[in-house]
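Shown next: coords36.csv, given as CSV, C-alpha atoms and all ligand atoms.
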```csv
chain,number,residue,atom,x,y,z
A,206,MET,CA,-21.2,-10.9,1.7
A,207,ASP,CA,-24.0,-8.9,3.3
A,208,ILE,CA,-23.1,-5.5,1.9
A,209,GLU,CA,-25.8,-3.6,3.7
A,210,LYS,CA,-24.6,-5.0,7.0
A,211,ILE,CA,-21.0,-4.2,6.1
A,212,ARG,CA,-21.9,-0.6,5.1
A,213,ALA,CA,-23.6,-0.1,8.4
A,214,ASP,CA,-20.2,-0.6,10.0
A,215,PHE,CA,-18.9,2.5,8.2
A,216,PRO,CA,-20.9,5.5,9.4
A,217,ILE,CA,-19.3,7.9,6.9
A,218,LEU,CA,-20.9,6.0,4.1
A,219,SER,CA,-24.3,7.3,5.0
A,220,THR,CA,-23.1,10.9,5.0
A,221,THR,CA,-24.2,13.4,2.3
A,222,VAL,CA,-22.1,15.9,0.3
A,223,TYR,CA,-23.7,18.9,-1.3
A,224,GLY,CA,-27.0,17.2,-0.2
A,225,LYS,CA,-26.3,14.1,-2.2
A,226,PRO,CA,-25.5,10.7,-0.7
A,227,LEU,CA,-21.7,10.1,-0.7
A,228,ILE,CA,-20.4,7.7,-3.2
A,229,TYR,CA,-16.8,7.1,-2.1
A,230,LEU,CA,-14.6,5.7,-4.9
A,231,ASP,CA,-11.2,6.9,-3.7
A,232,ASN,CA,-10.2,3.9,-1.7
A,233,GLY,CA,-6.8,3.6,-3.3
A,234,ALA,CA,-5.9,7.0,-1.6
A,235,THR,CA,-7.4,5.9,1.8
A,236,THR,CA,-10.1,3.6,3.0
A,237,GLN,CA,-12.9,4.5,5.3
A,238,LYS,CA,-12.8,3.1,8.9
A,239,PRO,CA,-15.2,0.7,10.4
A,240,LYS,CA,-16.7,1.6,13.8
A,241,CYS,CA,-14.7,-1.0,15.6
A,242,VAL,CA,-11.4,0.7,14.6
A,243,VAL,CA,-12.5,4.1,15.7
A,244,GLU,CA,-13.9,2.7,18.9
A,245,GLU,CA,-10.7,0.9,19.6
A,246,ILE,CA,-8.7,4.1,19.4
A,247,GLU,CA,-11.1,5.8,21.7
A,248,LYS,CA,-11.0,2.9,24.1
A,249,ILE,CA,-7.2,2.9,24.3
A,250,TYR,CA,-7.0,6.6,25.1
A,251,TYR,CA,-9.8,6.3,27.7
A,252,THR,CA,-8.7,3.1,29.4
A,253,THR,CA,-5.2,1.9,28.5
A,254,ASN,CA,-3.1,4.9,27.6
A,255,ALA,CA,0.6,4.6,28.7
A,256,ASN,CA,3.9,4.5,26.9
A,257,VAL,CA,4.8,1.0,25.8
A,258,HIS,CA,7.9,-1.0,26.6
A,259,ARG,CA,9.0,1.5,29.3
A,260,GLY,CA,6.9,1.2,32.4
A,261,VAL,CA,6.6,-1.4,35.1
A,262,HIS,CA,3.2,-0.1,35.9
A,263,TYR,CA,-0.1,-1.7,35.0
A,264,LEU,CA,-1.2,0.6,32.2
A,265,SER,CA,2.2,0.4,30.5
A,266,GLN,CA,2.1,-3.4,30.7
A,267,GLN,CA,-1.4,-3.4,29.3
A,268,ALA,CA,-0.6,-1.1,26.4
A,269,THR,CA,2.6,-3.1,25.6
A,270,ASP,CA,0.7,-6.4,25.6
A,271,LEU,CA,-1.9,-5.0,23.2
A,272,ALA,CA,0.7,-3.5,20.8
A,273,GLU,CA,2.7,-6.8,20.8
A,274,GLU,CA,-0.5,-8.8,20.2
A,275,SER,CA,-1.1,-6.5,17.2
A,276,ARG,CA,2.3,-7.4,15.9
A,277,VAL,CA,1.2,-11.1,16.0
A,278,VAL,CA,-2.0,-10.2,14.2
A,279,VAL,CA,0.0,-8.6,11.4
A,280,GLN,CA,2.4,-11.6,11.4
A,281,GLN,CA,-0.4,-14.0,10.9
A,282,PHE,CA,-2.2,-11.7,8.4
A,283,ILE,CA,0.8,-12.0,5.9
A,284,ASN,CA,2.0,-15.3,7.3
A,285,ALA,CA,5.5,-14.1,8.4
A,286,GLU,CA,7.6,-16.7,10.1
A,287,HIS,CA,8.4,-14.6,13.1
A,288,SER,CA,6.6,-11.6,14.7
A,289,LYS,CA,10.1,-9.9,15.1
A,290,GLU,CA,10.1,-9.6,11.3
A,291,ILE,CA,7.2,-7.1,11.5
A,292,ILE,CA,8.4,-3.6,12.0
A,293,PHE,CA,5.9,-0.8,12.7
A,294,THR,CA,6.5,2.4,10.7
A,295,LYS,CA,4.4,5.4,9.7
A,296,GLY,CA,3.3,3.8,6.4
A,297,THR,CA,4.5,2.4,3.1
A,298,THR,CA,6.6,5.5,2.4
A,299,GLU,CA,8.5,5.2,5.6
A,300,SER,CA,8.9,1.5,5.2
A,301,ILE,CA,10.5,1.9,1.7
A,302,ASN,CA,12.7,4.7,2.9
A,303,LEU,CA,13.9,2.6,5.8
A,304,VAL,CA,14.9,-0.3,3.5
A,305,ALA,CA,16.4,2.1,0.9
A,306,HIS,CA,18.5,3.8,3.6
A,307,SER,CA,19.5,0.9,5.7
A,308,PHE,CA,19.9,-1.8,3.0
A,309,CYS,CA,22.0,0.6,0.7
A,310,GLN,CA,24.2,1.6,3.7
A,311,GLN,CA,25.0,-2.1,4.4
A,312,PHE,CA,25.1,-3.6,0.9
A,313,CYS,CA,25.6,-1.0,-1.8
A,314,VAL,CA,28.7,0.8,-3.1
A,315,GLU,CA,29.0,3.3,-5.9
A,316,GLY,CA,27.9,1.9,-9.2
A,317,ASP,CA,25.6,-0.8,-7.7
A,318,GLU,CA,22.1,-1.0,-9.1
A,319,ILE,CA,18.6,-1.2,-7.8
A,320,ILE,CA,15.8,-2.3,-10.2
A,321,ILE,CA,12.3,-0.7,-10.0
A,322,SER,CA,9.6,-0.4,-12.6
A,323,ALA,CA,8.1,2.3,-14.8
A,324,MET,CA,4.8,2.2,-13.0
A,325,GLU,CA,6.0,2.8,-9.4
A,326,HIS,CA,4.6,5.2,-7.0
A,327,HIS,CA,6.9,8.1,-6.1
A,328,ALA,CA,7.6,6.4,-2.7
A,329,ASN,CA,9.3,3.6,-4.6
A,330,ILE,CA,11.3,5.9,-6.9
A,331,VAL,CA,12.4,8.9,-4.8
A,332,SER,CA,13.5,6.8,-1.8
A,333,TRP,CA,16.0,5.2,-4.1
A,334,GLN,CA,16.9,8.4,-5.9
A,335,LEU,CA,18.0,9.8,-2.5
A,336,GLN,CA,20.4,6.9,-2.3
A,337,GLU,CA,21.6,7.6,-5.8
A,338,ALA,CA,22.6,11.0,-4.6
A,339,ILE,CA,24.1,9.8,-1.3
A,340,ARG,CA,25.9,6.6,-2.4
A,341,GLY,CA,26.2,6.8,-6.2
A,342,ILE,CA,23.9,3.8,-6.8
A,343,LYS,CA,22.0,3.6,-10.1
A,344,LEU,CA,18.4,3.0,-10.8
A,345,ARG,CA,17.3,0.6,-13.6
A,346,VAL,CA,13.7,0.6,-14.7
A,347,ILE,CA,11.5,-2.3,-16.0
A,348,PRO,CA,9.5,-0.9,-18.9
A,349,ILE,CA,5.8,-1.6,-19.5
A,350,ASN,CA,3.8,-2.7,-22.6
A,351,GLU,CA,0.7,-1.0,-24.1
A,352,LYS,CA,-1.6,-2.9,-21.7
A,353,GLY,CA,0.2,-1.5,-18.7
A,354,GLU,CA,2.0,-4.8,-17.8
A,355,LEU,CA,5.7,-5.2,-16.9
A,356,LYS,CA,7.9,-6.5,-19.7
A,357,LEU,CA,9.5,-9.4,-17.8
A,358,ASP,CA,11.9,-10.3,-20.7
A,359,GLU,CA,13.4,-6.8,-20.2
A,360,LEU,CA,13.9,-7.5,-16.5
A,361,GLN,CA,16.1,-10.4,-17.4
A,362,LYS,CA,18.3,-8.0,-19.5
A,363,LEU,CA,18.5,-5.4,-16.7
A,364,ILE,CA,19.9,-7.9,-14.1
A,365,SER,CA,23.6,-7.7,-13.8
A,366,SER,CA,26.4,-8.6,-11.3
A,367,LYS,CA,25.8,-5.0,-10.0
A,368,THR,CA,22.1,-5.6,-9.1
A,369,ARG,CA,21.6,-5.5,-5.4
A,370,LEU,CA,17.8,-5.4,-5.0
A,371,ILE,CA,14.6,-5.4,-7.0
A,372,SER,CA,11.8,-3.2,-5.6
A,373,VAL,CA,8.3,-3.4,-7.3
A,374,MET,CA,4.7,-2.7,-6.6
A,375,HIS,CA,2.3,-5.6,-6.4
A,376,ILE,CA,-0.7,-3.8,-7.8
A,377,SER,CA,-0.5,-0.5,-9.7
A,378,ASN,CA,-2.3,2.4,-8.0
A,379,VAL,CA,-2.9,3.9,-11.5
A,380,LEU,CA,-3.4,1.0,-13.9
A,381,GLY,CA,-4.7,-1.6,-11.5
A,382,THR,CA,-2.3,-4.2,-13.0
A,383,VAL,CA,-1.6,-7.1,-10.7
A,384,ASN,CA,2.1,-7.7,-11.3
A,385,PRO,CA,3.5,-11.2,-11.6
A,386,ILE,CA,5.5,-10.9,-8.4
A,387,GLU,CA,5.9,-14.7,-8.0
A,388,LYS,CA,7.8,-14.7,-11.3
A,389,ILE,CA,9.8,-11.6,-10.5
A,390,ILE,CA,10.9,-13.2,-7.1
A,391,GLU,CA,11.8,-16.4,-8.9
A,392,ILE,CA,13.9,-14.6,-11.5
A,393,ALA,CA,15.6,-12.4,-8.8
A,394,HIS,CA,16.3,-15.3,-6.5
A,395,ALA,CA,17.9,-17.3,-9.3
A,396,HIS,CA,20.5,-14.5,-9.2
A,397,SER,CA,20.5,-14.3,-5.4
A,398,ILE,CA,18.9,-10.8,-5.5
A,399,PRO,CA,16.4,-9.9,-2.8
A,400,VAL,CA,13.0,-8.4,-3.7
A,401,LEU,CA,10.9,-5.8,-2.0
A,402,ILE,CA,7.2,-5.8,-2.7
A,403,ASP,CA,5.2,-2.6,-2.3
A,404,ALA,CA,1.8,-4.1,-1.2
A,405,ALA,CA,0.2,-0.8,-0.5
A,406,GLN,CA,-2.6,-1.6,-3.0
A,407,SER,CA,-2.8,-5.3,-2.6
A,408,VAL,CA,-3.0,-6.5,1.1
A,409,GLN,CA,-6.5,-5.1,1.4
A,410,HIS,CA,-7.7,-7.0,-1.8
A,411,MET,CA,-6.2,-10.5,-1.6
A,412,THR,CA,-4.5,-13.0,0.6
A,413,ILE,CA,-0.8,-12.4,0.9
A,414,ASP,CA,1.6,-15.1,2.2
A,415,VAL,CA,5.1,-13.8,2.5
A,416,GLN,CA,6.6,-17.2,3.1
A,417,LYS,CA,4.9,-18.7,0.1
A,418,LEU,CA,5.9,-15.7,-2.0
A,419,ASP,CA,9.4,-15.9,-0.5
A,420,CYS,CA,9.7,-12.1,-0.9
A,421,ASP,CA,12.5,-10.5,1.2
A,422,PHE,CA,10.6,-7.3,2.2
A,423,LEU,CA,7.0,-6.3,1.9
A,424,VAL,CA,5.5,-3.0,2.9
A,425,PHE,CA,2.0,-1.6,3.4
A,426,SER,CA,0.0,1.2,5.1
A,427,GLY,CA,-2.6,0.9,7.8
A,428,HIS,CA,-4.8,3.6,6.4
A,429,LYS,CA,-5.3,1.7,3.1
A,430,VAL,CA,-6.4,-1.5,5.0
A,431,TYR,CA,-9.3,0.1,6.8
A,432,GLY,CA,-7.0,1.0,9.7
A,433,PRO,CA,-5.8,4.2,11.2
A,434,ASN,CA,-3.5,6.8,9.6
A,435,GLY,CA,0.1,7.1,10.7
A,436,VAL,CA,0.9,3.5,11.0
A,437,GLY,CA,2.4,1.0,8.5
A,438,VAL,CA,4.3,-2.2,8.2
A,439,LEU,CA,7.7,-3.3,7.0
A,440,TYR,CA,8.0,-7.0,6.8
A,441,GLY,CA,11.6,-8.2,6.3
A,442,LYS,CA,13.2,-11.6,6.5
A,443,GLU,CA,15.1,-11.9,9.7
A,444,LYS,CA,18.4,-12.6,7.8
A,445,TRP,CA,18.3,-9.2,6.1
A,446,LEU,CA,16.9,-7.1,9.0
A,447,ASN,CA,19.6,-8.6,11.3
A,448,GLN,CA,22.4,-7.4,8.9
A,449,MET,CA,20.9,-4.0,8.3
A,450,PRO,CA,21.9,-1.0,10.5
A,451,PRO,CA,19.3,1.0,12.4
A,452,TYR,CA,17.5,3.7,10.4
A,453,GLN,CA,17.0,6.2,13.2
A,454,GLY,CA,18.5,6.6,16.6
A,455,GLY,CA,16.7,7.1,19.9
A,456,GLY,CA,14.9,5.4,22.7
A,457,GLU,CA,14.0,1.7,22.6
A,458,MET,CA,16.2,0.9,19.6
A,459,ILE,CA,19.3,0.6,21.9
A,460,SER,CA,20.6,-2.1,24.2
A,461,THR,CA,23.2,0.1,26.0
A,462,VAL,CA,24.3,3.7,25.5
A,463,SER,CA,27.5,5.3,26.6
A,464,PHE,CA,29.6,8.1,25.2
A,465,LYS,CA,32.1,5.4,24.3
A,466,GLY,CA,29.6,3.7,22.1
A,467,THR,CA,26.1,2.3,21.8
A,468,THR,CA,24.8,-1.2,21.2
A,469,PHE,CA,21.5,-1.8,19.5
A,470,ASN,CA,18.4,-3.6,20.6
A,471,GLU,CA,17.3,-6.8,18.8
A,472,LEU,CA,14.6,-7.1,16.2
A,473,PRO,CA,12.0,-5.6,15.8
A,474,PHE,CA,12.9,-2.8,18.2
A,475,LYS,CA,16.2,-2.0,16.5
A,476,PHE,CA,14.1,-0.3,13.8
A,477,GLU,CA,11.5,1.3,16.1
A,478,ALA,CA,13.3,4.3,17.6
A,479,GLY,CA,11.3,6.6,19.9
A,480,THR,CA,7.8,6.2,21.3
A,481,PRO,CA,5.8,4.2,18.7
A,482,ASN,CA,2.4,5.1,17.6
A,483,TYR,CA,1.0,2.3,19.8
A,484,PRO,CA,-2.7,3.4,19.8
A,485,ASP,CA,-2.8,3.1,16.0
A,486,VAL,CA,-0.7,0.0,16.0
A,487,ILE,CA,-3.3,-1.6,18.2
A,488,ALA,CA,-6.2,-0.3,16.1
A,489,LEU,CA,-4.4,-1.6,13.0
A,490,GLY,CA,-4.7,-5.1,14.6
A,491,THR,CA,-8.5,-4.4,15.0
A,492,ALA,CA,-8.8,-3.4,11.3
A,493,ILE,CA,-7.0,-6.6,10.2
A,494,LYS,CA,-9.2,-8.8,12.3
A,495,TYR,CA,-12.2,-7.0,10.8
A,496,ILE,CA,-11.3,-7.7,7.2
A,497,LYS,CA,-10.1,-11.3,8.1
A,498,ASN,CA,-13.5,-11.8,9.6
A,499,ILE,CA,-15.2,-10.8,6.3
A,500,GLY,CA,-12.6,-13.0,4.5
A,501,LEU,CA,-10.0,-11.9,2.0
A,502,ASP,CA,-11.3,-14.5,-0.5
A,503,SER,CA,-14.8,-13.2,-0.3
A,504,ILE,CA,-13.5,-9.6,-0.6
A,505,LYS,CA,-11.5,-10.5,-3.7
A,506,ALA,CA,-14.4,-12.3,-5.4
A,507,TYR,CA,-16.8,-9.5,-4.7
A,508,GLU,CA,-14.4,-6.7,-5.7
A,509,ASP,CA,-13.4,-8.6,-8.9
A,510,GLN,CA,-17.1,-8.7,-9.9
A,511,LEU,CA,-17.5,-5.0,-9.2
A,512,LEU,CA,-14.4,-4.3,-11.3
A,513,GLU,CA,-15.7,-6.2,-14.2
A,514,TYR,CA,-19.1,-4.6,-14.0
A,515,CYS,CA,-17.6,-1.1,-13.7
A,516,THR,CA,-15.2,-1.7,-16.6
A,517,ASP,CA,-18.0,-3.0,-18.9
A,518,GLU,CA,-20.3,-0.1,-18.0
A,519,LEU,CA,-17.5,2.5,-18.5
A,520,LEU,CA,-16.6,1.1,-21.9
A,521,ARG,CA,-20.1,2.0,-23.1
A,522,ILE,CA,-19.2,5.7,-22.6
A,523,LYS,CA,-18.3,7.4,-25.9
A,524,ASP,CA,-14.7,8.5,-26.3
A,525,ILE,CA,-13.6,6.9,-23.0
A,526,ARG,CA,-10.0,5.7,-22.8
A,527,ILE,CA,-9.1,3.3,-20.0
A,528,PHE,CA,-5.4,3.2,-19.0
A,529,GLY,CA,-4.4,-0.3,-17.9
A,530,THR,CA,-6.0,-3.1,-19.9
A,531,SER,CA,-4.3,-6.1,-18.5
A,532,ASP,CA,-6.3,-9.3,-18.0
A,533,LYS,CA,-4.9,-9.3,-14.4
A,534,LYS,CA,-6.3,-6.3,-12.7
A,535,SER,CA,-7.6,-5.4,-9.3
A,536,SER,CA,-10.0,-2.7,-8.0
A,537,VAL,CA,-8.5,0.4,-9.8
A,538,ILE,CA,-9.6,2.0,-13.1
A,539,SER,CA,-8.0,5.1,-14.6
A,540,PHE,CA,-9.7,6.8,-17.5
A,541,LEU,CA,-10.2,10.0,-19.5
A,542,VAL,CA,-13.2,10.9,-21.6
A,543,GLY,CA,-12.6,12.8,-24.8
A,544,ASN,CA,-10.7,16.0,-24.2
A,545,ILE,CA,-12.3,16.6,-20.8
A,546,HIS,CA,-9.6,17.5,-18.3
A,547,HIS,CA,-9.4,15.0,-15.4
A,548,TYR,CA,-9.7,17.9,-13.0
A,549,ASP,CA,-12.9,19.1,-14.5
A,550,MET,CA,-14.4,15.6,-14.5
A,551,GLY,CA,-13.4,15.1,-10.8
A,552,MET,CA,-14.8,18.5,-9.7
A,553,LEU,CA,-18.1,17.9,-11.5
A,554,LEU,CA,-18.5,14.4,-10.2
A,555,ASP,CA,-17.8,15.7,-6.7
A,556,LYS,CA,-20.8,18.1,-7.0
A,557,MET,CA,-22.9,15.0,-7.6
A,558,GLY,CA,-21.5,13.4,-4.3
A,559,ILE,CA,-19.1,11.1,-6.1
A,560,ALA,CA,-15.5,11.1,-4.8
A,561,VAL,CA,-12.9,10.1,-7.3
A,562,ARG,CA,-9.2,10.9,-7.5
A,563,THR,CA,-7.7,13.1,-10.3
A,564,GLY,CA,-4.1,13.9,-11.2
A,565,HIS,CA,-0.9,12.0,-11.6
A,566,HIS,CA,-1.5,9.7,-8.6
A,567,CYS,CA,2.1,10.1,-7.4
A,568,ALA,CA,3.3,8.4,-10.5
A,569,GLN,CA,4.6,11.1,-12.8
A,570,PRO,CA,7.1,8.9,-14.7
A,571,LEU,CA,4.2,6.6,-15.6
A,572,MET,CA,2.1,9.6,-16.8
A,573,GLU,CA,5.1,10.7,-18.9
A,574,GLU,CA,5.2,7.1,-20.4
A,575,LEU,CA,1.5,7.3,-21.1
A,576,GLY,CA,1.9,10.7,-22.6
A,577,ILE,CA,-0.7,12.3,-20.4
A,578,GLU,CA,-0.8,14.7,-17.5
A,579,GLY,CA,-3.2,12.8,-15.3
A,580,THR,CA,-6.3,10.6,-15.2
A,581,VAL,CA,-9.5,10.2,-13.3
A,582,ARG,CA,-9.2,7.2,-11.0
A,583,ILE,CA,-11.8,5.0,-9.5
A,584,SER,CA,-10.6,2.7,-6.7
A,585,LEU,CA,-13.1,0.2,-5.3
A,586,ALA,CA,-13.6,-1.3,-1.9
A,587,PHE,CA,-15.8,-4.1,-0.6
A,588,TYR,CA,-18.4,-1.6,0.6
A,589,ASN,CA,-19.0,-0.2,-2.8
A,590,THR,CA,-22.1,-1.4,-4.8
A,591,LYS,CA,-23.3,-1.8,-8.4
A,592,GLU,CA,-25.8,0.9,-7.8
A,593,GLU,CA,-23.0,3.3,-6.9
A,594,ILE,CA,-21.3,2.3,-10.2
A,595,ASP,CA,-24.5,3.0,-12.1
A,596,GLN,CA,-24.6,6.5,-10.6
A,597,LEU,CA,-21.0,7.0,-11.4
A,598,VAL,CA,-21.5,6.1,-15.0
A,599,ALA,CA,-24.6,8.3,-15.2
A,600,GLY,CA,-22.5,11.1,-13.6
A,601,ILE,CA,-19.7,10.7,-16.2
A,602,LYS,CA,-22.2,10.8,-19.0
A,603,ARG,CA,-23.7,14.0,-17.6
A,604,VAL,CA,-20.3,15.6,-17.4
A,605,ALA,CA,-19.6,14.5,-21.0
A,606,SER,CA,-22.9,16.0,-22.2
A,607,MET,CA,-22.0,19.3,-20.5
A,608,PHE,CA,-18.8,19.4,-22.6
A,609,GLY,CA,-20.7,18.5,-25.7
A,701,LIG,N1,2.9,2.7,-2.9
A,701,LIG,C1,1.7,2.7,-3.5
A,701,LIG,C2,1.5,1.6,-4.6
A,701,LIG,C3,0.7,3.5,-3.2
A,701,LIG,O1,-0.5,3.4,-3.8
A,701,LIG,C4,0.9,4.5,-2.1
A,701,LIG,C5,-0.2,5.4,-1.8
A,701,LIG,O2,-1.1,5.7,-2.6
A,701,LIG,C6,2.1,4.5,-1.5
A,701,LIG,C7,3.1,3.6,-1.9
A,701,LIG,C8,2.4,5.4,-0.4
A,701,LIG,O3,1.6,5.1,0.7
A,701,LIG,P1,1.6,6.1,2.0
A,701,LIG,O4,1.4,7.5,1.5
A,701,LIG,O5,0.5,5.5,2.8
A,701,LIG,O6,3.0,5.9,2.6
```

Would you write out, as structure tokens, the structure that this file holds?
Ligand code: PLP
Amino acid sequence: MDIEKIRADFPILSTTVYGKPLIYLDNGATTQKPKCVVEEIEKIYYTTNANVHRGVHYLSQQATDLAEESRVVVQQFINAEHSKEIIFTKGTTESINLVAHSFCQQFCVEGDEIIISAMEHHANIVSWQLQEAIRGIKLRVIPINEKGELKLDELQKLISSKTRLISVMHISNVLGTVNPIEKIIEIAHAHSIPVLIDAAQSVQHMTIDVQKLDCDFLVFSGHKVYGPNGVGVLYGKEKWLNQMPPYQGGGEMISTVSFKGTTFNELPFKFEAGTPNYPDVIALGTAIKYIKNIGLDSIKAYEDQLLEYCTDELLRIKDIRIFGTSDKKSSVISFLVGNIHHYDMGMLLDKMGIAVRTGHHCAQPLMEELGIEGTVRISLAFYNTKEEIDQLVAGIKRVASMFG
């Protein structure tokens, strides 16, 4: 990979903060956008702006074609069988809420159980807790071991005749653990239980093939895959999506409406009520083409090298504690140094131009499990470099020396 050439595609990477060159290590929160994505959005508004699926006129047809082409780009990206299995949403959070609401409405009664894990992001906890309150379902939680890995033998024990769905993250946004989703899906399917994979932290780092995985649902956000904000994806197997009721009512999700009753549109439109965010849907396609062009395998190999280098360098720092020490990790490192508060570390690194995330990372139950309030988190992307990591490590050492 030609990193200098790649970095030139991201104008923000040559910006300065407090007079220092920006070192952006908060890619798990959101990724920066290549020029082609921003230019695509501008191009749509300047040349092709019209509401999709509604007009017979030229611009509406053009915009509709581009948005539907983007659906095919996403389909091919995760190798879904049909493009109608790709539902555009606002992001991972909305995708999980859609499944929680609609799946539970159709398939769950009071006392039924959904299994999640102890390391989930709030999006994959609270969406189900809302269903606990509405329908009286119960959440069961797969525990983790001291390395920050799921205890799969406990999963076996949690499964019962009441289990309706298992919903787990692929890669932890705090620990960096790559969860054994293939195994989880195999275990679940042996009991005819469907599985939702939260791929918010994985699709941008490795090749995902939903048919090979055989997952039932998979969700991710556009803004974490170098695409625009406000657009995300829900992949669902046709057989599930067909049985699930619509999540929201409005334009485009209907077939006919009368005061006597309404019939619903077919997939994927049944789940896309109202004017979709078509400019960002189209630009998400551009972002995916961009990363496919670099190559997910090359991205993974490069980022794995960076992760190893960064971990080794961090481990040289006195009194550092890294949370998440699995052998199978990707792109995320959470740590604390001595008694230095994560917030102080983040603020001081920021003054050196280094952007990291601090806090609970929307995973408060995990923080409770780890017995801490929060961590400093580095999350890598393919445009980061070893030199940036060297500066990060020097920065952390400086902060540590300030605290004695
Ligand atoms: N799931 C995971 C694993 C995440 O890391 C995030 C965001 O950080 C989300 C879900 C929520 O994503 P969004 O805020 O884009 O909906």

For this session: Could you tell me how far CA of Ala272 (chain A) lies from CA of Val486 (chain A), in Å and to one decimal?
Result: 6.1 Å

Problem set entry | Within 10 Å of ligand LIG 701 (chain A) (all atoms listed in the file), residues as a VMD selection string | chain A and resid 232 to 235 294 to 302 324 to 330 373 to 379 381 402 to 407 424 to 429 434 to 438 566 to 568

At a cut-off of 10 Å, can you tabulate as JSON lines every residue of region 405-511 of chain A near region 244-262 of chain A together with its closest atom pair and the distance in Å to one decimal, using all atoms listed in the file and ordering rows by chain then number?
```
{"residue": "A:Pro433", "atom": "CA", "partner": "A:Ile246", "partner_atom": "CA", "distance": 8.7}
{"residue": "A:Gly456", "atom": "CA", "partner": "A:Arg259", "partner_atom": "CA", "distance": 9.7}
{"residue": "A:Glu457", "atom": "CA", "partner": "A:His258", "partner_atom": "CA", "distance": 7.8}
{"residue": "A:Phe474", "atom": "CA", "partner": "A:His258", "partner_atom": "CA", "distance": 9.9}
{"residue": "A:Thr480", "atom": "CA", "partner": "A:Asn256", "partner_atom": "CA", "distance": 7.0}
{"residue": "A:Pro481", "atom": "CA", "partner": "A:Val257", "partner_atom": "CA", "distance": 7.9}
{"residue": "A:Asn482", "atom": "CA", "partner": "A:Asn256", "partner_atom": "CA", "distance": 9.4}
{"residue": "A:Tyr483", "atom": "CA", "partner": "A:Val257", "partner_atom": "CA", "distance": 7.2}
{"residue": "A:Pro484", "atom": "CA", "partner": "A:Ile246", "partner_atom": "CA", "distance": 6.1}
{"residue": "A:Asp485", "atom": "CA", "partner": "A:Ile246", "partner_atom": "CA", "distance": 6.9}
{"residue": "A:Val486", "atom": "CA", "partner": "A:Ile246", "partner_atom": "CA", "distance": 9.6}
{"residue": "A:Ile487", "atom": "CA", "partner": "A:Glu245", "partner_atom": "CA", "distance": 7.9}
{"residue": "A:Ala488", "atom": "CA", "partner": "A:Glu245", "partner_atom": "CA", "distance": 5.8}
{"residue": "A:Leu489", "atom": "CA", "partner": "A:Glu245", "partner_atom": "CA", "distance": 9.5}
{"residue": "A:Gly490", "atom": "CA", "partner": "A:Glu245", "partner_atom": "CA", "distance": 9.8}
{"residue": "A:Thr491", "atom": "CA", "partner": "A:Glu245", "partner_atom": "CA", "distance": 7.4}
{"residue": "A:Ala492", "atom": "CA", "partner": "A:Glu245", "partner_atom": "CA", "distance": 9.5}
```

Seminar exercise, completed: One residue among A:Val222, A:Val604, A:Ile208, A:Ala213 is nearest to Lys238 (chain A) when using all atoms listed in the file, and that residue is A:Ala213

Problem set entry | Option closest in space to Val277 (chain A), from A:Val331, A:Val383, A:Leu370, A:Ile493 [counting only C-alpha atoms] |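 The answer is A:Ile493, which sits nearest to Val277 (chain A).
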
For this session: May I ask for the distance between CA of Leu423 (chain A) and CA of Leu401 (chain A), given in Å to one decimal place?
Result: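 Between these atoms lies a distance of 5.5 Å.
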
For this session: Would you work out the distance separating CA of Val400 (chain A) from CA of Met449 (chain A), expressed in Å to one decimal?
Result: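 One can read the CA of Val400 (chain A) to CA of Met449 (chain A) distance as 15.0 Å.
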
Problem set entry | Neighbour residues at most 7 Å from (12.0, -11.2, 1.0) (only C-alpha atoms) as a ChimeraX atom specification | /A:399-401,419-422,441-442

For this session: Find the residues near region 540-553 of chain A: any atom within 12 Å, counting only C-alpha atoms, skip ones fewer than 4 places away on the same chain, and give them as a ChimeraX atom specification.
Result: /A:223,230-231,379-381,515-516,519-530,557-566,575,577-584,597-598,600-609

Please write region 544-568 of chain A of the preceding block to a file containing C-alpha atoms, as a PDB file, in the first residue's frame?
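The new file result-v3.pdb reads:
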```pdb
ATOM      1  CA  ASN A 544      -3.284   6.538  38.085  1.00  0.00           C
ATOM      2  CA  ILE A 545      -3.556   9.102  35.293  1.00  0.00           C
ATOM      3  CA  HIS A 546      -7.215   9.764  34.549  1.00  0.00           C
ATOM      4  CA  HIS A 547      -8.162   8.846  30.986  1.00  0.00           C
ATOM      5  CA  TYR A 548      -9.615  12.298  30.513  1.00  0.00           C
ATOM      6  CA  ASP A 549      -6.363  14.027  31.528  1.00  0.00           C
ATOM      7  CA  MET A 550      -4.392  11.777  29.181  1.00  0.00           C
ATOM      8  CA  GLY A 551      -6.781  12.521  26.296  1.00  0.00           C
ATOM      9  CA  MET A 552      -6.758  16.290  26.933  1.00  0.00           C
ATOM     10  CA  LEU A 553      -2.977  16.486  27.079  1.00  0.00           C
ATOM     11  CA  LEU A 554      -2.464  14.321  24.010  1.00  0.00           C
ATOM     12  CA  ASP A 555      -4.925  16.561  22.198  1.00  0.00           C
ATOM     13  CA  LYS A 556      -2.709  19.570  22.917  1.00  0.00           C
ATOM     14  CA  MET A 557       0.047  17.692  21.082  1.00  0.00           C
ATOM     15  CA  GLY A 558      -2.239  17.257  18.062  1.00  0.00           C
ATOM     16  CA  ILE A 559      -3.077  13.632  18.875  1.00  0.00           C
ATOM     17  CA  ALA A 560      -6.773  12.694  18.747  1.00  0.00           C
ATOM     18  CA  VAL A 561      -7.712   9.695  20.885  1.00  0.00           C
ATOM     19  CA  ARG A 562     -10.989   8.747  22.519  1.00  0.00           C
ATOM     20  CA  THR A 563     -11.487   8.734  26.283  1.00  0.00           C
ATOM     21  CA  GLY A 564     -14.333   7.530  28.488  1.00  0.00           C
ATOM     22  CA  HIS A 565     -16.591   4.489  28.606  1.00  0.00           C
ATOM     23  CA  HIS A 566     -16.926   4.184  24.815  1.00  0.00           C
ATOM     24  CA  CYS A 567     -20.691   3.512  25.080  1.00  0.00           C
ATOM     25  CA  ALA A 568     -19.915   0.282  26.917  1.00  0.00           C
TER      26      ALA A 568
END
```
